[in-house]
$ cat data36.cif   # mmCIF, C-alpha atoms
data_input
#
loop_
_atom_site.group_PDB
_atom_site.id
_atom_site.type_symbol
_atom_site.label_atom_id
_atom_site.label_comp_id
_atom_site.auth_asym_id
_atom_site.auth_seq_id
_atom_site.Cartn_x
_atom_site.Cartn_y
_atom_site.Cartn_z
ATOM 1 C CA MET A 200 -86.873 19.589 -16.691
ATOM 2 C CA THR A 201 -83.780 17.400 -16.937
ATOM 3 C CA THR A 202 -83.427 13.655 -16.656
ATOM 4 C CA ASP A 203 -81.680 13.799 -13.285
ATOM 5 C CA ASP A 204 -85.180 14.583 -11.933
ATOM 6 C CA LYS A 205 -86.144 11.241 -10.433
ATOM 7 C CA ASN A 206 -89.835 12.073 -10.952
ATOM 8 C CA GLN A 207 -89.437 11.414 -14.652
ATOM 9 C CA THR A 208 -90.615 8.017 -15.830
ATOM 10 C CA ILE A 209 -88.253 5.958 -17.964
ATOM 11 C CA GLY A 210 -89.576 3.392 -20.423
ATOM 12 C CA PHE A 211 -87.448 0.448 -21.564
ATOM 13 C CA ILE A 212 -88.090 -1.664 -24.671
ATOM 14 C CA GLY A 213 -85.714 -4.541 -25.380
ATOM 15 C CA LEU A 214 -85.093 -6.520 -22.193
ATOM 16 C CA GLY A 215 -82.619 -8.988 -23.686
ATOM 17 C CA TYR A 216 -79.098 -9.901 -22.587
ATOM 18 C CA MET A 217 -77.998 -6.265 -22.399
ATOM 19 C CA GLY A 218 -81.287 -4.520 -21.722
ATOM 20 C CA HIS A 219 -82.147 -6.414 -18.546
ATOM 21 C CA GLY A 220 -79.018 -5.218 -16.765
ATOM 22 C CA MET A 221 -79.379 -1.677 -18.088
ATOM 23 C CA ALA A 222 -82.967 -1.456 -16.884
ATOM 24 C CA LYS A 223 -82.030 -2.907 -13.510
ATOM 25 C CA ASN A 224 -79.524 -0.102 -13.041
ATOM 26 C CA ILE A 225 -82.121 2.541 -13.953
ATOM 27 C CA VAL A 226 -84.378 1.215 -11.177
ATOM 28 C CA GLU A 227 -81.487 1.107 -8.719
ATOM 29 C CA ARG A 228 -80.730 4.776 -9.427
ATOM 30 C CA GLY A 229 -84.235 5.636 -8.236
ATOM 31 C CA TYR A 230 -86.035 6.350 -11.510
ATOM 32 C CA PRO A 231 -89.598 5.077 -12.025
ATOM 33 C CA LEU A 232 -89.335 2.438 -14.768
ATOM 34 C CA VAL A 233 -91.925 1.005 -17.140
ATOM 35 C CA GLY A 234 -90.778 -2.073 -19.058
ATOM 36 C CA LEU A 235 -92.146 -4.054 -21.973
ATOM 37 C CA ALA A 236 -91.778 -7.821 -21.723
ATOM 38 C CA ASN A 237 -89.309 -9.540 -24.030
ATOM 39 C CA ARG A 238 -89.904 -12.987 -25.559
ATOM 40 C CA LYS A 239 -88.949 -14.468 -22.190
ATOM 41 C CA ARG A 240 -90.647 -13.038 -19.107
ATOM 42 C CA GLU A 241 -87.793 -13.527 -16.631
ATOM 43 C CA ALA A 242 -86.417 -10.011 -17.112
ATOM 44 C CA ILE A 243 -89.702 -8.129 -16.704
ATOM 45 C CA GLU A 244 -90.659 -10.244 -13.696
ATOM 46 C CA ASP A 245 -87.311 -9.462 -12.069
ATOM 47 C CA LEU A 246 -87.736 -5.749 -12.753
ATOM 48 C CA VAL A 247 -91.295 -5.688 -11.419
ATOM 49 C CA ALA A 248 -90.012 -7.352 -8.248
ATOM 50 C CA ARG A 249 -87.540 -4.466 -7.976
ATOM 51 C CA GLY A 250 -90.315 -1.880 -8.254
ATOM 52 C CA ALA A 251 -90.832 -1.371 -12.007
ATOM 53 C CA ARG A 252 -94.183 -1.496 -13.789
ATOM 54 C CA GLU A 253 -95.054 -3.566 -16.846
ATOM 55 C CA ALA A 254 -96.595 -1.988 -19.943
ATOM 56 C CA GLY A 255 -99.040 -3.925 -22.070
ATOM 57 C CA SER A 256 -97.816 -2.543 -25.407
ATOM 58 C CA VAL A 257 -95.484 -0.015 -27.006
ATOM 59 C CA ALA A 258 -98.368 2.472 -27.148
ATOM 60 C CA ASP A 259 -99.150 1.938 -23.460
ATOM 61 C CA LEU A 260 -95.505 2.487 -22.531
ATOM 62 C CA ALA A 261 -95.135 5.564 -24.747
ATOM 63 C CA ARG A 262 -98.144 7.277 -23.147
ATOM 64 C CA GLN A 263 -96.633 6.885 -19.658
ATOM 65 C CA CYS A 264 -92.998 7.852 -20.180
ATOM 66 C CA ASP A 265 -90.836 10.952 -20.384
ATOM 67 C CA VAL A 266 -87.770 9.100 -21.703
ATOM 68 C CA ILE A 267 -87.867 5.846 -23.696
ATOM 69 C CA VAL A 268 -84.781 3.641 -24.044
ATOM 70 C CA LEU A 269 -84.574 1.132 -26.909
ATOM 71 C CA CYS A 270 -82.218 -1.846 -26.893
ATOM 72 C CA LEU A 271 -83.440 -3.843 -29.880
ATOM 73 C CA PRO A 272 -81.790 -6.239 -32.363
ATOM 74 C CA GLY A 273 -81.493 -3.757 -35.240
ATOM 75 C CA SER A 274 -82.997 -1.069 -37.442
ATOM 76 C CA PRO A 275 -86.096 -2.989 -38.631
ATOM 77 C CA GLN A 276 -87.226 -3.489 -35.035
ATOM 78 C CA VAL A 277 -86.415 0.111 -34.124
ATOM 79 C CA GLU A 278 -88.342 1.431 -37.128
ATOM 80 C CA ASP A 279 -91.373 -0.697 -36.281
ATOM 81 C CA THR A 280 -91.275 0.325 -32.609
ATOM 82 C CA VAL A 281 -90.892 4.040 -33.299
ATOM 83 C CA LEU A 282 -92.766 4.537 -36.571
ATOM 84 C CA GLY A 283 -95.443 1.821 -36.537
ATOM 85 C CA ASP A 284 -99.159 2.577 -36.232
ATOM 86 C CA ASP A 285 -99.021 1.587 -32.557
ATOM 87 C CA GLY A 286 -95.501 2.937 -32.114
ATOM 88 C CA ILE A 287 -93.852 5.636 -30.076
ATOM 89 C CA LEU A 288 -94.401 8.581 -32.424
ATOM 90 C CA ALA A 289 -98.122 7.878 -32.602
ATOM 91 C CA HIS A 290 -98.600 7.855 -28.829
ATOM 92 C CA ALA A 291 -95.786 9.693 -27.034
ATOM 93 C CA ARG A 292 -96.293 13.119 -25.510
ATOM 94 C CA PRO A 293 -94.489 16.090 -27.104
ATOM 95 C CA GLY A 294 -91.094 16.539 -25.472
ATOM 96 C CA THR A 295 -90.534 12.822 -24.924
ATOM 97 C CA THR A 296 -86.937 11.734 -25.489
ATOM 98 C CA ILE A 297 -86.007 8.519 -27.315
ATOM 99 C CA ILE A 298 -82.589 6.975 -26.616
ATOM 100 C CA ASP A 299 -81.733 4.238 -29.123
ATOM 101 C CA SER A 300 -79.093 1.942 -27.623
ATOM 102 C CA SER A 301 -79.558 -0.680 -30.336
ATOM 103 C CA THR A 302 -76.892 -1.333 -32.945
ATOM 104 C CA SER A 303 -78.621 0.283 -35.898
ATOM 105 C CA ASN A 304 -77.935 1.383 -39.444
ATOM 106 C CA PRO A 305 -76.969 5.093 -39.303
ATOM 107 C CA VAL A 306 -78.965 5.775 -42.486
ATOM 108 C CA SER A 307 -82.123 4.564 -40.738
ATOM 109 C CA THR A 308 -81.179 6.420 -37.547
ATOM 110 C CA ARG A 309 -80.990 9.769 -39.342
ATOM 111 C CA ARG A 310 -84.416 9.198 -40.892
ATOM 112 C CA ILE A 311 -86.055 8.192 -37.597
ATOM 113 C CA ALA A 312 -84.460 11.112 -35.752
ATOM 114 C CA ALA A 313 -85.776 13.607 -38.316
ATOM 115 C CA LEU A 314 -89.306 12.213 -38.023
ATOM 116 C CA ALA A 315 -89.103 12.245 -34.219
ATOM 117 C CA VAL A 316 -88.006 15.885 -34.152
ATOM 118 C CA ALA A 317 -90.774 16.810 -36.593
ATOM 119 C CA ALA A 318 -93.258 15.216 -34.173
ATOM 120 C CA GLY A 319 -91.938 17.296 -31.263
ATOM 121 C CA LEU A 320 -89.749 14.609 -29.683
ATOM 122 C CA ARG A 321 -86.029 14.442 -28.972
ATOM 123 C CA PHE A 322 -83.839 11.641 -30.293
ATOM 124 C CA ALA A 323 -80.358 10.359 -29.461
ATOM 125 C CA ASP A 324 -78.426 7.247 -30.409
ATOM 126 C CA ALA A 325 -76.406 5.700 -27.584
ATOM 127 C CA PRO A 326 -75.133 2.258 -28.633
ATOM 128 C CA LEU A 327 -73.042 0.128 -26.311
ATOM 129 C CA SER A 328 -69.762 -1.681 -26.047
ATOM 130 C CA ARG A 329 -68.823 -4.564 -23.715
ATOM 131 C CA THR A 330 -70.981 -7.492 -22.577
ATOM 132 C CA PRO A 331 -74.041 -8.380 -20.465
ATOM 133 C CA VAL A 332 -71.693 -8.715 -17.470
ATOM 134 C CA GLU A 333 -70.892 -4.998 -17.680
ATOM 135 C CA ALA A 334 -74.551 -4.192 -18.411
ATOM 136 C CA TRP A 335 -75.492 -5.780 -15.093
ATOM 137 C CA ALA A 336 -72.663 -3.985 -13.290
ATOM 138 C CA GLY A 337 -73.516 -0.625 -14.882
ATOM 139 C CA THR A 338 -70.092 -0.264 -16.495
ATOM 140 C CA LEU A 339 -70.841 -0.350 -20.217
ATOM 141 C CA ASP A 340 -69.152 1.966 -22.710
ATOM 142 C CA SER A 341 -71.757 4.230 -24.336
ATOM 143 C CA MET A 342 -71.265 6.158 -27.588
ATOM 144 C CA VAL A 343 -73.748 9.025 -27.756
ATOM 145 C CA GLY A 344 -74.842 10.881 -30.869
ATOM 146 C CA ALA A 345 -77.003 13.899 -30.021
ATOM 147 C CA ASP A 346 -77.188 17.656 -30.207
ATOM 148 C CA ASP A 347 -75.764 19.576 -27.249
ATOM 149 C CA GLU A 348 -79.053 20.131 -25.436
ATOM 150 C CA THR A 349 -80.247 16.540 -25.831
ATOM 151 C CA PHE A 350 -76.883 15.154 -24.712
ATOM 152 C CA GLU A 351 -76.995 17.115 -21.468
ATOM 153 C CA HIS A 352 -80.639 16.145 -21.016
ATOM 154 C CA ILE A 353 -79.996 12.384 -21.256
ATOM 155 C CA ARG A 354 -76.558 12.105 -19.707
ATOM 156 C CA PRO A 355 -77.810 11.213 -16.179
ATOM 157 C CA ILE A 356 -79.891 8.377 -17.650
ATOM 158 C CA VAL A 357 -77.087 7.005 -19.820
ATOM 159 C CA ASP A 358 -74.834 7.189 -16.765
ATOM 160 C CA CYS A 359 -77.052 4.598 -15.042
ATOM 161 C CA TRP A 360 -75.598 1.805 -17.160
ATOM 162 C CA SER A 361 -72.276 3.318 -18.193
ATOM 163 C CA GLY A 362 -68.754 3.223 -16.864
ATOM 164 C CA ARG A 363 -67.677 5.471 -19.712
ATOM 165 C CA ILE A 364 -69.651 7.862 -21.922
ATOM 166 C CA VAL A 365 -68.161 9.219 -25.141
ATOM 167 C CA ARG A 366 -69.962 11.985 -27.033
ATOM 168 C CA THR A 367 -69.368 11.030 -30.666
ATOM 169 C CA GLY A 368 -71.070 13.989 -32.348
ATOM 170 C CA ASP A 369 -74.562 14.615 -33.689
ATOM 171 C CA VAL A 370 -77.349 12.079 -34.191
ATOM 172 C CA ALA A 371 -76.263 8.846 -35.963
ATOM 173 C CA SER A 372 -72.587 9.326 -35.100
ATOM 174 C CA GLY A 373 -72.999 6.948 -32.174
ATOM 175 C CA HIS A 374 -74.328 4.216 -34.426
ATOM 176 C CA THR A 375 -71.552 4.886 -36.924
ATOM 177 C CA MET A 376 -68.916 4.559 -34.217
ATOM 178 C CA LYS A 377 -70.577 1.408 -32.895
ATOM 179 C CA LEU A 378 -70.304 -0.217 -36.318
ATOM 180 C CA LEU A 379 -66.625 0.741 -36.494
ATOM 181 C CA ASN A 380 -66.074 -0.652 -33.007
ATOM 182 C CA ASN A 381 -67.796 -3.922 -33.908
ATOM 183 C CA PHE A 382 -65.869 -4.127 -37.166
ATOM 184 C CA VAL A 383 -62.633 -4.117 -35.190
ATOM 185 C CA SER A 384 -63.801 -6.641 -32.586
ATOM 186 C CA LEU A 385 -65.595 -8.981 -34.997
ATOM 187 C CA GLY A 386 -62.664 -8.676 -37.375
ATOM 188 C CA TYR A 387 -60.391 -9.877 -34.587
ATOM 189 C CA ALA A 388 -62.714 -12.817 -33.956
ATOM 190 C CA ALA A 389 -62.550 -13.834 -37.623
ATOM 191 C CA LEU A 390 -58.749 -13.546 -37.530
ATOM 192 C CA TYR A 391 -58.473 -15.578 -34.330
ATOM 193 C CA ALA A 392 -60.722 -18.331 -35.695
ATOM 194 C CA GLU A 393 -58.764 -18.659 -38.925
ATOM 195 C CA ALA A 394 -55.382 -18.453 -37.197
ATOM 196 C CA LEU A 395 -56.412 -21.210 -34.794
ATOM 197 C CA ALA A 396 -57.522 -23.437 -37.692
ATOM 198 C CA ILE A 397 -54.254 -22.862 -39.564
ATOM 199 C CA GLY A 398 -52.322 -23.611 -36.396
ATOM 200 C CA ALA A 399 -54.261 -26.784 -35.701
ATOM 201 C CA LYS A 400 -53.656 -28.013 -39.266
ATOM 202 C CA SER A 401 -49.944 -27.307 -38.791
ATOM 203 C CA GLY A 402 -49.447 -28.830 -35.356
ATOM 204 C CA VAL A 403 -49.884 -25.789 -33.109
ATOM 205 C CA SER A 404 -52.601 -26.252 -30.481
ATOM 206 C CA ALA A 405 -55.026 -23.610 -29.297
ATOM 207 C CA GLN A 406 -53.372 -23.767 -25.874
ATOM 208 C CA THR A 407 -49.942 -23.045 -27.374
ATOM 209 C CA PHE A 408 -51.393 -20.209 -29.443
ATOM 210 C CA HIS A 409 -52.913 -18.758 -26.290
ATOM 211 C CA GLU A 410 -49.698 -19.031 -24.290
ATOM 212 C CA VAL A 411 -47.842 -17.036 -26.946
ATOM 213 C CA ILE A 412 -50.458 -14.323 -27.546
ATOM 214 C CA SER A 413 -51.651 -13.891 -23.954
ATOM 215 C CA GLY A 414 -49.720 -11.160 -22.178
ATOM 216 C CA GLY A 415 -47.998 -10.002 -25.377
ATOM 217 C CA ARG A 416 -48.545 -6.967 -27.578
ATOM 218 C CA MET A 417 -51.428 -8.625 -29.444
ATOM 219 C CA ASP A 418 -53.365 -9.384 -26.258
ATOM 220 C CA CYS A 419 -56.502 -7.402 -25.431
ATOM 221 C CA GLY A 420 -59.720 -7.714 -23.476
ATOM 222 C CA PHE A 421 -61.665 -9.027 -26.454
ATOM 223 C CA TYR A 422 -59.000 -11.663 -27.103
ATOM 224 C CA GLN A 423 -59.247 -12.885 -23.512
ATOM 225 C CA THR A 424 -63.033 -13.125 -23.723
ATOM 226 C CA PHE A 425 -62.813 -15.050 -27.004
ATOM 227 C CA MET A 426 -60.255 -17.467 -25.615
ATOM 228 C CA LYS A 427 -62.234 -18.070 -22.425
ATOM 229 C CA TYR A 428 -64.390 -20.233 -24.656
ATOM 230 C CA VAL A 429 -61.699 -21.626 -26.946
ATOM 231 C CA VAL A 430 -59.335 -22.864 -24.223
ATOM 232 C CA GLY A 431 -61.479 -22.469 -21.117
ATOM 233 C CA GLY A 432 -64.748 -23.919 -22.363
ATOM 234 C CA ASP A 433 -66.839 -21.027 -21.033
ATOM 235 C CA ARG A 434 -69.794 -21.088 -23.427
ATOM 236 C CA GLU A 435 -71.197 -17.827 -22.041
ATOM 237 C CA ALA A 436 -67.953 -15.825 -22.066
ATOM 238 C CA HIS A 437 -69.298 -13.533 -24.803
ATOM 239 C CA LYS A 438 -73.075 -13.728 -25.182
ATOM 240 C CA PHE A 439 -73.354 -12.056 -28.580
ATOM 241 C CA THR A 440 -74.797 -14.196 -31.346
ATOM 242 C CA LEU A 441 -73.266 -14.875 -34.731
ATOM 243 C CA ARG A 442 -76.593 -13.788 -36.237
ATOM 244 C CA ASN A 443 -76.202 -10.350 -34.672
ATOM 245 C CA ALA A 444 -72.555 -10.247 -35.741
ATOM 246 C CA HIS A 445 -73.660 -10.878 -39.319
ATOM 247 C CA LYS A 446 -76.257 -8.121 -39.042
ATOM 248 C CA ASP A 447 -73.727 -5.615 -37.706
ATOM 249 C CA THR A 448 -71.145 -6.374 -40.364
ATOM 250 C CA ARG A 449 -73.834 -6.106 -43.071
ATOM 251 C CA TYR A 450 -74.663 -2.633 -41.770
ATOM 252 C CA LEU A 451 -70.979 -1.718 -41.856
ATOM 253 C CA VAL A 452 -70.499 -2.879 -45.450
ATOM 254 C CA SER A 453 -73.669 -1.002 -46.415
ATOM 255 C CA LEU A 454 -72.286 2.147 -44.791
ATOM 256 C CA ALA A 455 -68.957 1.686 -46.581
ATOM 257 C CA ASN A 456 -70.765 1.288 -49.895
ATOM 258 C CA GLU A 457 -72.876 4.402 -49.281
ATOM 259 C CA SER A 458 -69.702 6.300 -48.377
ATOM 260 C CA GLY A 459 -67.913 5.139 -51.530
ATOM 261 C CA VAL A 460 -65.204 3.350 -49.556
ATOM 262 C CA ALA A 461 -63.686 0.127 -50.923
ATOM 263 C CA SER A 462 -64.683 -2.563 -48.428
ATOM 264 C CA HIS A 463 -62.246 -5.433 -49.090
ATOM 265 C CA VAL A 464 -61.617 -6.285 -45.431
ATOM 266 C CA SER A 465 -65.064 -5.504 -44.036
ATOM 267 C CA SER A 466 -66.688 -7.630 -46.755
ATOM 268 C CA ALA A 467 -64.403 -10.543 -45.922
ATOM 269 C CA VAL A 468 -65.235 -10.220 -42.225
ATOM 270 C CA LYS A 469 -68.946 -10.020 -43.035
ATOM 271 C CA ASN A 470 -68.684 -13.208 -45.081
ATOM 272 C CA SER A 471 -67.283 -15.088 -42.085
ATOM 273 C CA TYR A 472 -70.505 -14.396 -40.192
ATOM 274 C CA ALA A 473 -72.707 -14.847 -43.253
ATOM 275 C CA THR A 474 -71.258 -18.357 -43.596
ATOM 276 C CA ALA A 475 -71.894 -19.116 -39.931
ATOM 277 C CA GLU A 476 -75.527 -18.086 -40.189
ATOM 278 C CA ALA A 477 -76.016 -19.809 -43.551
ATOM 279 C CA ILE A 478 -74.997 -23.181 -42.108
ATOM 280 C CA GLY A 479 -77.462 -22.853 -39.244
ATOM 281 C CA ARG A 480 -75.166 -21.573 -36.494
ATOM 282 C CA GLY A 481 -76.606 -18.078 -36.139
ATOM 283 C CA ASP A 482 -77.758 -18.609 -32.552
ATOM 284 C CA ASP A 483 -74.276 -19.611 -31.374
ATOM 285 C CA PHE A 484 -72.093 -16.958 -29.757
ATOM 286 C CA VAL A 485 -69.162 -15.184 -31.429
ATOM 287 C CA PRO A 486 -66.326 -17.294 -29.896
ATOM 288 C CA PHE A 487 -67.967 -20.392 -31.415
ATOM 289 C CA LEU A 488 -66.696 -19.097 -34.757
ATOM 290 C CA ALA A 489 -63.458 -20.917 -33.882
ATOM 291 C CA ASP A 490 -65.360 -24.232 -33.981
ATOM 292 C CA ILE A 491 -67.097 -23.377 -37.239
ATOM 293 C CA VAL A 492 -63.922 -22.400 -39.097
ATOM 294 C CA ALA A 493 -62.216 -25.514 -37.721
ATOM 295 C CA GLU A 494 -65.051 -27.769 -38.847
ATOM 296 C CA LEU A 495 -65.188 -26.222 -42.324
ATOM 297 C CA ASN A 496 -61.503 -27.022 -42.674
ATOM 298 C CA GLY A 497 -61.710 -30.566 -41.333
ATOM 299 C CA VAL A 498 -60.031 -29.680 -38.045
ATOM 300 C CA LYS A 499 -61.061 -31.263 -34.756
ATOM 301 C CA ARG A 500 -60.656 -29.029 -31.731
#
$ encode --input "data36.cif" --output "structure tokens"
Amino acid sequence: MTTDDKNQTIGFIGLGYMGHGMAKNIVERGYPLVGLANRKREAIEDLVARGAREAGSVADLARQCDVIVLCLPGSPQVEDTVLGDDGILAHARPGTTIIDSSTSNPVSTRRIAALAVAAGLRFADAPLSRTPVEAWAGTLDSMVGADDETFEHIRPIVDCWSGRIVRTGDVASGHTMKLLNNFVSLGYAALYAEALAIGAKSGVSAQTFHEVISGGRMDCGFYQTFMKYVVGGDREAHKFTLRNAHKDTRYLVSLANESGVASHVSSAVKNSYATAEAIGRGDDFVPFLADIVAELNGVKR
């Protein structure tokens, strides 16, 4: 049986900014969906109104589902959800497939995948790129780490929320690539924030900076999203928290250390987000880093 069989039931755990849109697209493709409520109930209530069912616990969801999608904050939450006493491995049927779309530590991913396979389950990592806007539209970029058979098995499900699917290799390669992707994007954010502060101290406004960079060789989609807040005031232009950015860059530095790679730049980028969280700004979104760097340098924006 393959996952393009609409009789298969899909479970979804992690109905946050990204997960709500992803789950909505699963329902709209005609799959039966069972969701687990997030801290806020708006997402599950919306999905139930669209025809989904609500599970009372991870164990309840695992017993009902053929494929389980995770979109959680990080590896600790994934480990608890999969490996806990009331978790997926303890209650899922043999042959169940787990798709981890969280941004996780590849070291943890390899361990979880091995335990899942030993329990008779399949496991793939399929982290995401882009924003909740694309999650809602079903046009996310998905990076999939899986063996050949599992990749073909899950591709129709991943396609529900994806505009582009890239097979990155075997299990944990998706999470590795996701960390590299976030290193580049979050590194840009740290560069933009510092460049804007230097400019402001030296008489160059954010608007002037934007006029020069926008449309030039250094322009990109991430830059435009970042600057929608800086010069446009759109506080929800990029709904990814500085706390999560710190977590992702910690994972990257950990991976670099495990790999024996000197991490001069990645450590510096990580410290930008560590500082933001340390001063109590972890719940702000990534473009707000421009305000934080400005404030730390006595600059008024």
$ resolve_selection --input "data36.cif" --expression "the PyMOL selection byres ((chain A and resi 498) around 10)" --output "ChimeraX atom specification"
/A:395-400,490-497,499-500
$ resolve_selection --input "data36.cif" --expression "the PyMOL selection byres ((chain A and resi 338) around 8)" --output "list in words"
Glu333, Ala334, Trp335, Ala336, Gly337, Leu339, Asp340, Trp360, Ser361, Gly362 and Arg363 of chain A
$ write_last_selection --input "data36.cif" --atoms "C-alpha atoms" --output "short mmCIF file (atom, residue, chain, number, x, y, z; two decimals), in the coordinates of the input"
data_model
loop_
_atom_site.label_atom_id
_atom_site.label_comp_id
_atom_site.auth_asym_id
_atom_site.auth_seq_id
_atom_site.Cartn_x
_atom_site.Cartn_y
_atom_site.Cartn_z
CA GLU A 333 -70.89 -5.00 -17.68
CA ALA A 334 -74.55 -4.19 -18.41
CA TRP A 335 -75.49 -5.78 -15.09
CA ALA A 336 -72.66 -3.98 -13.29
CA GLY A 337 -73.52 -0.62 -14.88
CA LEU A 339 -70.84 -0.35 -20.22
CA ASP A 340 -69.15 1.97 -22.71
CA TRP A 360 -75.60 1.80 -17.16
CA SER A 361 -72.28 3.32 -18.19
CA GLY A 362 -68.75 3.22 -16.86
CA ARG A 363 -67.68 5.47 -19.71
#
$ resolve_selection --input "data36.cif" --expression "the PyMOL selection byres ((chain A and resi 429-431) around 10)" --output "count of residues only"
24
$ residues_around --input "data36.cif" --residues "Ala261 (chain A)" --least-positions-apart "6" --cutoff "7 Å" --atoms "only C-alpha atoms" --output "ChimeraX atom specification"
/A:287,290-291
$ write_last_selection --input "data36.cif" --atoms "C-alpha atoms" --output "mmCIF file, in the coordinates of the input"
data_model
loop_
_atom_site.group_PDB
_atom_site.id
_atom_site.type_symbol
_atom_site.label_atom_id
_atom_site.label_comp_id
_atom_site.auth_asym_id
_atom_site.auth_seq_id
_atom_site.Cartn_x
_atom_site.Cartn_y
_atom_site.Cartn_z
ATOM 1 C CA ILE A 287 -93.852 5.636 -30.076
ATOM 2 C CA HIS A 290 -98.600 7.855 -28.829
ATOM 3 C CA ALA A 291 -95.786 9.693 -27.034
#
$ closest_residue --input "data36.cif" --among "A:Leu271, A:Val226, A:Ala475, A:Val266" --to "Ala251 (chain A)" --atoms "only C-alpha atoms"
A:Val226
$ atom_distance --input "data36.cif" --atom1 "CA of Met217 (chain A)" --atom2 "CA of Met342 (chain A)"
15.1 Å
$ axis_aligned_box --input "data36.cif" --around "region 445-455 of chain A" --padding-each-side "5 Å" --output "AutoDock Vina command-line options"
--center_x -72.6 --center_y -4.4 --center_z -42.1 --size_x 17.3 --size_y 23.0 --size_z 18.9
$ residues_near_point --input "data36.cif" --point "(-91.8, 11.2, -34.0)" --cutoff "9 Å" --atoms "only C-alpha atoms" --output "tab-separated table (two decimals) with C-alpha atoms, keeping the file's coordinate frame"
chain	number	residue	atom	x	y	z
A	281	VAL	CA	-90.89	4.04	-33.30
A	282	LEU	CA	-92.77	4.54	-36.57
A	287	ILE	CA	-93.85	5.64	-30.08
A	288	LEU	CA	-94.40	8.58	-32.42
A	289	ALA	CA	-98.12	7.88	-32.60
A	291	ALA	CA	-95.79	9.69	-27.03
A	293	PRO	CA	-94.49	16.09	-27.10
A	311	ILE	CA	-86.06	8.19	-37.60
A	312	ALA	CA	-84.46	11.11	-35.75
A	313	ALA	CA	-85.78	13.61	-38.32
A	314	LEU	CA	-89.31	12.21	-38.02
A	315	ALA	CA	-89.10	12.24	-34.22
A	316	VAL	CA	-88.01	15.88	-34.15
A	317	ALA	CA	-90.77	16.81	-36.59
A	318	ALA	CA	-93.26	15.22	-34.17
A	319	GLY	CA	-91.94	17.30	-31.26
A	320	LEU	CA	-89.75	14.61	-29.68
A	321	ARG	CA	-86.03	14.44	-28.97
A	322	PHE	CA	-83.84	11.64	-30.29
$ atom_distance --input "data36.cif" --atom1 "CA of Ala242 (chain A)" --atom2 "CA of His219 (chain A)"
5.8 Å
$ residues_around --input "data36.cif" --residues "Leu260 (chain A)" --least-positions-apart "4" --cutoff "9 Å" --atoms "only C-alpha atoms" --output "list in words"
Gly210, Phe211, Ile212, Val233, Gly234, Leu235, Glu253, Ala254, Gly255, Ser256, Cys264, Ile267, Ile287, His290 and Ala291 of chain A
$ atom_distance --input "data36.cif" --atom1 "CA of Arg449 (chain A)" --atom2 "CA of Gly220 (chain A)"
26.8 Å
$ closest_residue --input "data36.cif" --among "A:Val268, A:His445, A:Pro326, A:His374" --to "Arg480 (chain A)" --atoms "only C-alpha atoms"
A:His445
$ residues_around --input "data36.cif" --residues "Phe382 (chain A)" --least-positions-apart "5" --cutoff "9 Å" --atoms "only C-alpha atoms" --output "PyMOL selection string"
chain A and resi 377+387+447-448+451+465+468-469
$ closest_residue --input "data36.cif" --among "A:Cys359, A:Arg252, A:Ser328, A:Leu269" --to "Gly420 (chain A)" --atoms "all atoms listed in the file"
A:Ser328
$ closest_residue --input "data36.cif" --among "A:Asp369, A:Ala248, A:Tyr450, A:Leu390" --to "Ser274 (chain A)" --atoms "only C-alpha atoms"
A:Tyr450
$ residues_around --input "data36.cif" --residues "Arg366 (chain A)" --least-positions-apart "3" --cutoff "10 Å" --atoms "all atoms listed in the file" --output "short mmCIF file (atom, residue, chain, number, x, y, z; two decimals) with C-alpha atoms, keeping the file's coordinate frame"
data_model
loop_
_atom_site.label_atom_id
_atom_site.label_comp_id
_atom_site.auth_asym_id
_atom_site.auth_seq_id
_atom_site.Cartn_x
_atom_site.Cartn_y
_atom_site.Cartn_z
CA ALA A 325 -76.41 5.70 -27.58
CA SER A 341 -71.76 4.23 -24.34
CA MET A 342 -71.26 6.16 -27.59
CA VAL A 343 -73.75 9.02 -27.76
CA GLY A 344 -74.84 10.88 -30.87
CA ALA A 345 -77.00 13.90 -30.02
CA ASP A 346 -77.19 17.66 -30.21
CA ASP A 347 -75.76 19.58 -27.25
CA PHE A 350 -76.88 15.15 -24.71
CA ARG A 354 -76.56 12.10 -19.71
CA ASP A 369 -74.56 14.62 -33.69
CA SER A 372 -72.59 9.33 -35.10
CA GLY A 373 -73.00 6.95 -32.17
#
